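Peer 1: Input: one structure, supplied below.
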Amino acid sequence: MEDKLTKSLQDRTDAKLRYALVHLDELKSQDPPSGNDFDRAHQESFLFHLFGARDAFLAELNHYYQAGVASHKLSLGNIRNELKKKMITSPELATLYTIEQDKSSWCCNAKDMRDYSTHVQAVPRHYFLGGENHQQVKLRNPRTGSITERHFIIEFDAWLQKMRELIVSLRQLALLNTDPEKADK
């Protein structure tokens, strides 16, 4: 594998995680959230970059496994199909698929909200005034109708941490599976 390309792809994935953090930090600075355009734009941008990191990681997997999927056709399914033709399996793709399909997972919930806000309209929000959840804003999954357990900023913080951990662990596994010499770098 070309070291420059590997580093470039990893840098892009890592950048998307940083961009999500930029929007999250700006949301945190505007307490309490008001539901105005600033809040909505940053919420959608956070979700966009959070899953942009996942999409950028797919480019890494395409490269590590030499799947050969064109950059404009990168998807979990397209990479899996190309690897299947070569009789190669990727535990990293399987993990991503499983977590995205598990309707109870943070990843599926976040992806539903990102997809909805990208293609339909803003994710529904529930504002709480008074009581134990005073001034909290929770999000409702547009597909399932379930409401997040925590204030959306706390939820976003957790999702970003989980995405970061997922990518780091899957990247390490992919490097071990495809080129053990690169795994320590």
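Naming scheme: A, B, ... for chains in displayed order of the structure tokens; residues 1 onward per chain; ligands 1 onward as shown.
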Thr89 in chain A: which residues within 12 Å, counting only C-alpha atoms, same-chain residues fewer than 2 positions away excluded, as a PDB file with N, CA and C atoms, in the first residue's frame?

Peer 2:
ATOM      1  N   LEU A  61     -11.131   1.619   4.047  1.00  0.00           N
ATOM      2  CA  LEU A  61     -11.320   0.179   3.885  1.00  0.00           C
ATOM      3  C   LEU A  61     -11.187  -0.237   2.421  1.00  0.00           C
ATOM      4  N   TYR A  65      -8.190  -2.951   1.639  1.00  0.00           N
ATOM      5  CA  TYR A  65      -8.535  -4.250   1.063  1.00  0.00           C
ATOM      6  C   TYR A  65      -8.381  -4.289  -0.459  1.00  0.00           C
ATOM      7  N   ALA A  67     -10.230  -3.061  -2.741  1.00  0.00           N
ATOM      8  CA  ALA A  67     -11.514  -3.474  -3.311  1.00  0.00           C
ATOM      9  C   ALA A  67     -11.728  -2.903  -4.703  1.00  0.00           C
ATOM     10  N   ILE A  79     -18.450  -1.993  -1.515  1.00  0.00           N
ATOM     11  CA  ILE A  79     -17.161  -2.552  -1.101  1.00  0.00           C
ATOM     12  C   ILE A  79     -17.333  -4.036  -0.785  1.00  0.00           C
ATOM     13  N   ARG A  80     -18.367  -4.366  -0.032  1.00  0.00           N
ATOM     14  CA  ARG A  80     -18.624  -5.768   0.308  1.00  0.00           C
ATOM     15  C   ARG A  80     -18.781  -6.619  -0.948  1.00  0.00           C
ATOM     16  N   ASN A  81     -19.520  -6.107  -1.933  1.00  0.00           N
ATOM     17  CA  ASN A  81     -19.734  -6.876  -3.164  1.00  0.00           C
ATOM     18  C   ASN A  81     -18.440  -7.106  -3.926  1.00  0.00           C
ATOM     19  N   GLU A  82     -17.586  -6.097  -3.985  1.00  0.00           N
ATOM     20  CA  GLU A  82     -16.303  -6.261  -4.678  1.00  0.00           C
ATOM     21  C   GLU A  82     -15.400  -7.246  -3.941  1.00  0.00           C
ATOM     22  N   LEU A  83     -15.406  -7.174  -2.619  1.00  0.00           N
ATOM     23  CA  LEU A  83     -14.598  -8.115  -1.850  1.00  0.00           C
ATOM     24  C   LEU A  83     -15.126  -9.540  -1.983  1.00  0.00           C
ATOM     25  N   LYS A  84     -16.443  -9.663  -2.057  1.00  0.00           N
ATOM     26  CA  LYS A  84     -17.063 -10.979  -2.212  1.00  0.00           C
ATOM     27  C   LYS A  84     -16.604 -11.633  -3.522  1.00  0.00           C
ATOM     28  N   LYS A  85     -16.504 -10.834  -4.579  1.00  0.00           N
ATOM     29  CA  LYS A  85     -16.023 -11.354  -5.867  1.00  0.00           C
ATOM     30  C   LYS A  85     -14.597 -11.894  -5.744  1.00  0.00           C
ATOM     31  N   LYS A  86     -13.826 -11.318  -4.837  1.00  0.00           N
ATOM     32  CA  LYS A  86     -12.431 -11.721  -4.631  1.00  0.00           C
ATOM     33  C   LYS A  86     -12.314 -12.765  -3.516  1.00  0.00           C
ATOM     34  N   MET A  87     -13.478 -13.209  -2.986  1.00  0.00           N
ATOM     35  CA  MET A  87     -13.518 -14.198  -1.907  1.00  0.00           C
ATOM     36  C   MET A  87     -12.811 -13.673  -0.648  1.00  0.00           C
ATOM     37  N   PRO A  91     -14.106  -8.113   8.398  1.00  0.00           N
ATOM     38  CA  PRO A  91     -14.832  -8.009   9.664  1.00  0.00           C
ATOM     39  C   PRO A  91     -15.215  -6.566  10.001  1.00  0.00           C
ATOM     40  N   GLU A  92     -14.449  -5.616   9.466  1.00  0.00           N
ATOM     41  CA  GLU A  92     -14.749  -4.209   9.726  1.00  0.00           C
ATOM     42  C   GLU A  92     -16.056  -3.802   9.044  1.00  0.00           C
ATOM     43  N   LEU A  93     -16.231  -4.230   7.800  1.00  0.00           N
ATOM     44  CA  LEU A  93     -17.497  -3.945   7.106  1.00  0.00           C
ATOM     45  C   LEU A  93     -18.658  -4.633   7.808  1.00  0.00           C
ATOM     46  N   ALA A  94     -18.434  -5.861   8.262  1.00  0.00           N
ATOM     47  CA  ALA A  94     -19.484  -6.599   8.970  1.00  0.00           C
ATOM     48  C   ALA A  94     -19.877  -5.867  10.250  1.00  0.00           C
ATOM     49  N   THR A  95     -18.900  -5.341  10.966  1.00  0.00           N
ATOM     50  CA  THR A  95     -19.185  -4.600  12.198  1.00  0.00           C
ATOM     51  C   THR A  95     -19.998  -3.343  11.889  1.00  0.00           C
ATOM     52  N   ALA A 174      -8.320  -3.441  10.559  1.00  0.00           N
ATOM     53  CA  ALA A 174      -8.131  -3.499   9.101  1.00  0.00           C
ATOM     54  C   ALA A 174      -6.657  -3.535   8.741  1.00  0.00           C
ATOM     55  N   ASN A 177      -5.409  -6.935   9.456  1.00  0.00           N
ATOM     56  CA  ASN A 177      -5.922  -7.916   8.503  1.00  0.00           C
ATOM     57  C   ASN A 177      -5.325  -7.781   7.117  1.00  0.00           C
ATOM     58  N   THR A 178      -4.880  -6.584   6.764  1.00  0.00           N
ATOM     59  CA  THR A 178      -4.417  -6.357   5.393  1.00  0.00           C
ATOM     60  C   THR A 178      -2.921  -6.161   5.269  1.00  0.00           C
TER      61      THR A 178
END

Peer 1: Compare A:Lys103, A:Glu149, A:Leu176, A:Asp112 by their minimum atom-to-atom distance to Leu47 in chain A, counting only C-alpha atoms, and give me the closest one.

Peer 2: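 Nearest to Leu47 in chain A: A:Asp112.
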
Peer 1: Find the residue from A:Ser169, A:Pro142, A:Ile99, A:Ala59 that sits nearest to Lys7 in chain A; use only C-alpha atoms when measuring.

Peer 2: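 Selected residue with least distance to Lys7 in chain A: A:Ala59.
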
Peer 1: Which value, in Å to one decimal, gives the distance between CA of Val120 in chain A and CA of Asn62 in chain A?

Peer 2: 29.5 Å

Peer 1: Counting only C-alpha atoms, which residue out of A:Ile154, A:Ala20, A:Leu58, A:Leu50 sits closest to Ala110 in chain A?

Peer 2: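 Among the listed residues, the smallest separation from Ala110 in chain A belongs to A:Leu50.
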